[in-house]
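Participant: One structure is given below, represented as structure tokens, and several questions about it will come after.
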Amino acid sequence: MGFRVTEVMSGTHERRDDGAAGPGRFAFRVTWGPDRLLEWANPTSERFLWQPLEGEVLAEGLTDGWVPCRGTLSLEYVGRRRIRYEMDFEAAGAVHRFVGEKVNIRPWNLLVSHTTCTGTITELAGGRLVSSVVATFRLRDLPRMLLSTRWA
């Protein structure tokens, strides 16, 4: 038994590949959660606090509206003290990867560390940097996220 929750983050991305002027809107709406809750919560498991995600991403100027994405979410609270999102999506005729992290996770700074995600979008085939991203989780969306939780 596991669970699923839907998370929404939004912000901007700045193109780094072609000198496009100004930032564009960036957002993702993904559903994530482990299939096996006991394995997920077991520190000796390879899948400790790791789970697949899927949903959709919007990268204004790169995608034509919302496009499907798939990837993983790692809650690395111990050691690296980060939350890491990796998701692949198609745009401009190529597969792209967004890698974003919430960093410096500490009990006393959860309102900051759990709300700001910085990362990059790269073209998967060659690893070419496409955009830099800053996205935030708005605390007013927390009730909606919690209410989206479902047992799987």
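By order of appearance in the structure tokens: chains A, B, ..., then residues from 1 within every chain, and ligands from 1 in the order shown.
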Would you return as a PyMOL selection string the members of chain A that DSSP assigns to strand (DSSP E or B) on this structure's backbone?
Facilitator: chain A and resi 3-15+24-32+50-60+63+67-76+82-91+94-102+116-123+129-136+150-151
Participant: Can you pull out the residues contacting Asp35 of chain A? Cut-off 9 Å, using only C-alpha atoms, and skip same-chain residues under 3 positions away; I want them as a PyMOL selection string.
Facilitator: chain A and resi 1-4+39-40+51-52+152
Participant: To one decimal place in Å, what is the distance between atom CA of Leu124 of chain A and atom CA of Arg82 of chain A?
Facilitator: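 It comes out at 22.8 Å.
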Participant: Please report, as JSON, numbers by chain, each residue of segment 11-124 of chain A to which DSSP assigns helix (DSSP H, G or I) when run on this structure's backbone.
Facilitator: {"A": [37, 38, 39, 40, 107, 108, 109, 110, 111, 112, 113]}
Participant: Smallest atom-to-atom distance to Ser10 of chain A: which of A:Arg106, A:Arg140, A:Arg29, A:Arg128, using only C-alpha atoms?
Facilitator: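 Checking each candidate against Ser10 of chain A, we get A:Arg29 as the closest.
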Participant: Give the answer as one residue: which of A:Cys117, A:Asp18, A:Val112, A:Cys69 has the shortest atom-to-atom distance to Gly100 of chain A, using only C-alpha atoms?
Facilitator: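 So, comparing all the options, the nearest one is A:Cys117.
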